[in-house]
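Working notes, structure below.
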Amino acid sequence: MKEVLNAQRRYWQNAFLRNPDMFGTKPSNPATFAAELFKRENKNRILELGGGQGRDTIHFARHGFRVHMLDYSKAAVTTVIDKCRESLLPVPVDALRHDVRKGLPFDDETFDACYSHMLYCMAFTTSELELLSCEVRRVLRPEGLHVYTARNTGDAHYRKGRYCGEDMYEINGFVVHFISREKVEHLAKGYEIVSVDEFEEGELPRKLFRVTLRKTTIPP
């Protein structure tokens with residue numbers, strides 16, 4: 001199944017090239033929630049992981065946050081750079097192509113907060129998600145916030161399609177890692193769990209967790 005997981009870059013690259021606005025142009029509900037939370041807590045320097053086509057990236061930048069966005073699709077990064085240039089944003093956005101399975105290319109305690117929408121339910125093994133959570137904690141400043149969303153095991157597509165191991169299923173060419181509440185808690189080592197909220201999005205509808213974590217001073 002390693003080949004199946006590694007092939008996801010090609011699927012996403014082709015999807016983004018076919019439709020530069022496949023997820024729409026308006027910010028997602030989790031992004032509006034995160035922006036309000038970050039503003040309230042004076043979290044200004046934001047790391048966005050798996051920024052896709054930039055609808056949430058641009059929302060953060062429009063609200064004055066300094067955003068560093070990573071995505072492993074070259075097409076996504078190019079699209080975000082072009083959209084940011086056209087949007088005449090009040091603050092610049094740094095967009096970089098990077099595979100987060102290889103760690104994060106930033107120094108310790110660089111960011112006030114980290115955000116990702118549905119990155120955690122991509123084709124990552126549990127061990128890769130563990131590494132990612134540890135890396136996010138490393139680059140967060142003390143009391144930094146980590147907000148992420150993921151499709152959960154209550155979703156209608158759970159256990160549908162081709163099984164790829166570890167609650168991952170390939171559906172129409174895309175691998176989804178469905179996250180349980182137990183896995184949320186497992187991945188929260190070194191964090192305080194502020195909240196785990198359930199919400200729905202899109203067709204079916206998809207069922208997701210919105211997880212809000214705070215970096216603790218006690219190492220994991």
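Naming scheme: A, B, ... for chains in displayed order of the structure tokens; residues 1 onward per chain; ligands 1 onward as shown.
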### region 154-171 of chain A surroundings by only C-alpha atoms, 7 Å radius, close-in-sequence under 3 positions cut, as a PyMOL selection string
chain A and resi 1+125+151+174-178+206-207
Taking 5 positions as the minimum chain separation for residues in the same chain, which residues sit within 9 Å of Asn44 (chain A) when counting only C-alpha atoms? Answer as an mmCIF file with all heavy atoms, in the first residue's frame.
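Written out: out21.cif:
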data_model
loop_
_atom_site.group_PDB
_atom_site.id
_atom_site.type_symbol
_atom_site.label_atom_id
_atom_site.label_comp_id
_atom_site.auth_asym_id
_atom_site.auth_seq_id
_atom_site.Cartn_x
_atom_site.Cartn_y
_atom_site.Cartn_z
ATOM 1 N N PHE A 38 -7.598 33.098 16.880
ATOM 2 C CA PHE A 38 -6.226 33.621 16.835
ATOM 3 C C PHE A 38 -6.198 35.122 17.120
ATOM 4 O O PHE A 38 -5.306 35.612 17.816
ATOM 5 C CB PHE A 38 -5.602 33.346 15.463
ATOM 6 C CG PHE A 38 -5.452 31.881 15.117
ATOM 7 C CD1 PHE A 38 -5.272 31.482 13.796
ATOM 8 C CD2 PHE A 38 -5.481 30.904 16.103
ATOM 9 C CE1 PHE A 38 -5.125 30.142 13.470
ATOM 10 C CE2 PHE A 38 -5.343 29.559 15.787
ATOM 11 C CZ PHE A 38 -5.164 29.174 14.469
ATOM 12 N N LYS A 39 -7.179 35.844 16.598
ATOM 13 C CA LYS A 39 -7.244 37.283 16.840
ATOM 14 C C LYS A 39 -7.483 37.574 18.317
ATOM 15 O O LYS A 39 -6.850 38.460 18.909
ATOM 16 C CB LYS A 39 -8.364 37.897 15.996
ATOM 17 C CG LYS A 39 -8.487 39.401 16.093
ATOM 18 C CD LYS A 39 -7.346 40.098 15.381
ATOM 19 C CE LYS A 39 -7.487 39.998 13.876
ATOM 20 N NZ LYS A 39 -6.450 40.782 13.161
ATOM 21 N N GLY A 64 -5.026 40.247 8.471
ATOM 22 C CA GLY A 64 -3.811 40.805 9.036
ATOM 23 C C GLY A 64 -2.822 39.825 9.613
ATOM 24 O O GLY A 64 -1.803 40.239 10.181
ATOM 25 N N PHE A 65 -3.086 38.518 9.479
ATOM 26 C CA PHE A 65 -2.143 37.530 9.982
ATOM 27 C C PHE A 65 -0.983 37.360 8.997
ATOM 28 O O PHE A 65 -1.170 37.440 7.789
ATOM 29 C CB PHE A 65 -2.820 36.167 10.177
ATOM 30 C CG PHE A 65 -3.922 36.176 11.196
ATOM 31 C CD1 PHE A 65 -5.257 36.206 10.802
ATOM 32 C CD2 PHE A 65 -3.635 36.157 12.550
ATOM 33 C CE1 PHE A 65 -6.276 36.208 11.738
ATOM 34 C CE2 PHE A 65 -4.653 36.166 13.494
ATOM 35 C CZ PHE A 65 -5.977 36.190 13.087
ATOM 36 N N ARG A 66 0.195 37.116 9.532
ATOM 37 C CA ARG A 66 1.348 36.773 8.691
ATOM 38 C C ARG A 66 1.307 35.259 8.497
ATOM 39 O O ARG A 66 1.513 34.496 9.449
ATOM 40 C CB ARG A 66 2.651 37.201 9.362
ATOM 41 C CG ARG A 66 3.894 36.831 8.556
ATOM 42 C CD ARG A 66 3.941 37.559 7.222
ATOM 43 N NE ARG A 66 5.001 37.042 6.371
ATOM 44 C CZ ARG A 66 6.247 37.505 6.364
ATOM 45 N NH1 ARG A 66 6.592 38.480 7.199
ATOM 46 N NH2 ARG A 66 7.134 37.002 5.536
ATOM 47 N N VAL A 67 1.057 34.811 7.261
ATOM 48 C CA VAL A 67 0.798 33.402 6.991
ATOM 49 C C VAL A 67 1.958 32.775 6.227
ATOM 50 O O VAL A 67 2.439 33.316 5.231
ATOM 51 C CB VAL A 67 -0.502 33.224 6.165
ATOM 52 C CG1 VAL A 67 -0.834 31.744 6.019
ATOM 53 C CG2 VAL A 67 -1.660 33.972 6.806
ATOM 54 N N PHE A 111 6.211 29.937 15.349
ATOM 55 C CA PHE A 111 4.843 30.366 15.064
ATOM 56 C C PHE A 111 3.990 30.492 16.329
ATOM 57 O O PHE A 111 4.199 29.788 17.312
ATOM 58 C CB PHE A 111 4.173 29.386 14.100
ATOM 59 C CG PHE A 111 4.869 29.294 12.768
ATOM 60 C CD1 PHE A 111 5.758 28.259 12.509
ATOM 61 C CD2 PHE A 111 4.663 30.262 11.803
ATOM 62 C CE1 PHE A 111 6.412 28.183 11.283
ATOM 63 C CE2 PHE A 111 5.317 30.192 10.583
ATOM 64 C CZ PHE A 111 6.193 29.157 10.319
ATOM 65 N N ASP A 112 2.989 31.385 16.229
ATOM 66 C CA ASP A 112 2.019 31.548 17.316
ATOM 67 C C ASP A 112 0.912 30.505 17.235
ATOM 68 O O ASP A 112 0.307 30.154 18.245
ATOM 69 C CB ASP A 112 1.373 32.943 17.248
ATOM 70 C CG ASP A 112 2.378 34.057 17.410
ATOM 71 O OD1 ASP A 112 3.218 33.963 18.321
ATOM 72 O OD2 ASP A 112 2.326 35.023 16.630
ATOM 73 N N ALA A 113 0.616 30.043 16.015
ATOM 74 C CA ALA A 113 -0.488 29.096 15.827
ATOM 75 C C ALA A 113 -0.271 28.316 14.539
ATOM 76 O O ALA A 113 0.431 28.764 13.626
ATOM 77 C CB ALA A 113 -1.828 29.828 15.781
#
Per residue of region 29-53 of chain A within 12 Å of region 133-137 of chain A, note the shortest atom pair and the distance in Å to one decimal, counting only C-alpha atoms, and order the rows by chain and increasing residue number, as a tab-separated table.
residue	atom	partner	partner_atom	distance
A:Ile46	CA	A:Val136	CA	11.4
A:Leu47	CA	A:Val136	CA	9.0
A:Glu48	CA	A:Val136	CA	10.4
A:Leu49	CA	A:Val136	CA	9.7
Restrict the selected residues to C-alpha atoms and save them as a compact mmCIF listing (two decimals), in the first residue's frame.
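Below you can see part-v9.txt, which holds the result:
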# COMPACT_ATOMS: atom_id res chain seq x y z
CA ILE A 46 0.36 31.51 11.46
CA LEU A 47 1.53 28.27 9.85
CA GLU A 48 -1.03 26.73 7.51
CA LEU A 49 -0.42 23.13 6.46
### Query
Please, which residues of region 49-210 of chain A, numbered as in this document, come out strand (DSSP E or B) from DSSP, as a ChimeraX atom specification?
/A:49,66-71,93-97,111-117,140-152,162-165,168-171,174-177,179,191-201,206-210
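Using only C-alpha atoms, the nearest neighbour of Asp56 (chain A) within the list A:Asp82, A:Asn29, A:Val196, A:Leu187 is A:Asn29.
For region 98-103 of chain A, the set of protein, DNA and RNA residues having any atom at most 9 Å away, when counting only C-alpha atoms and skipping those fewer than 6 positions along the same chain, is Leu49, Gly50, Leu70, Asp71, Tyr72, Ser73, Lys74, Phe124, Glu128, Leu129, Leu131, Leu132, Glu135 and Val136 of chain A.
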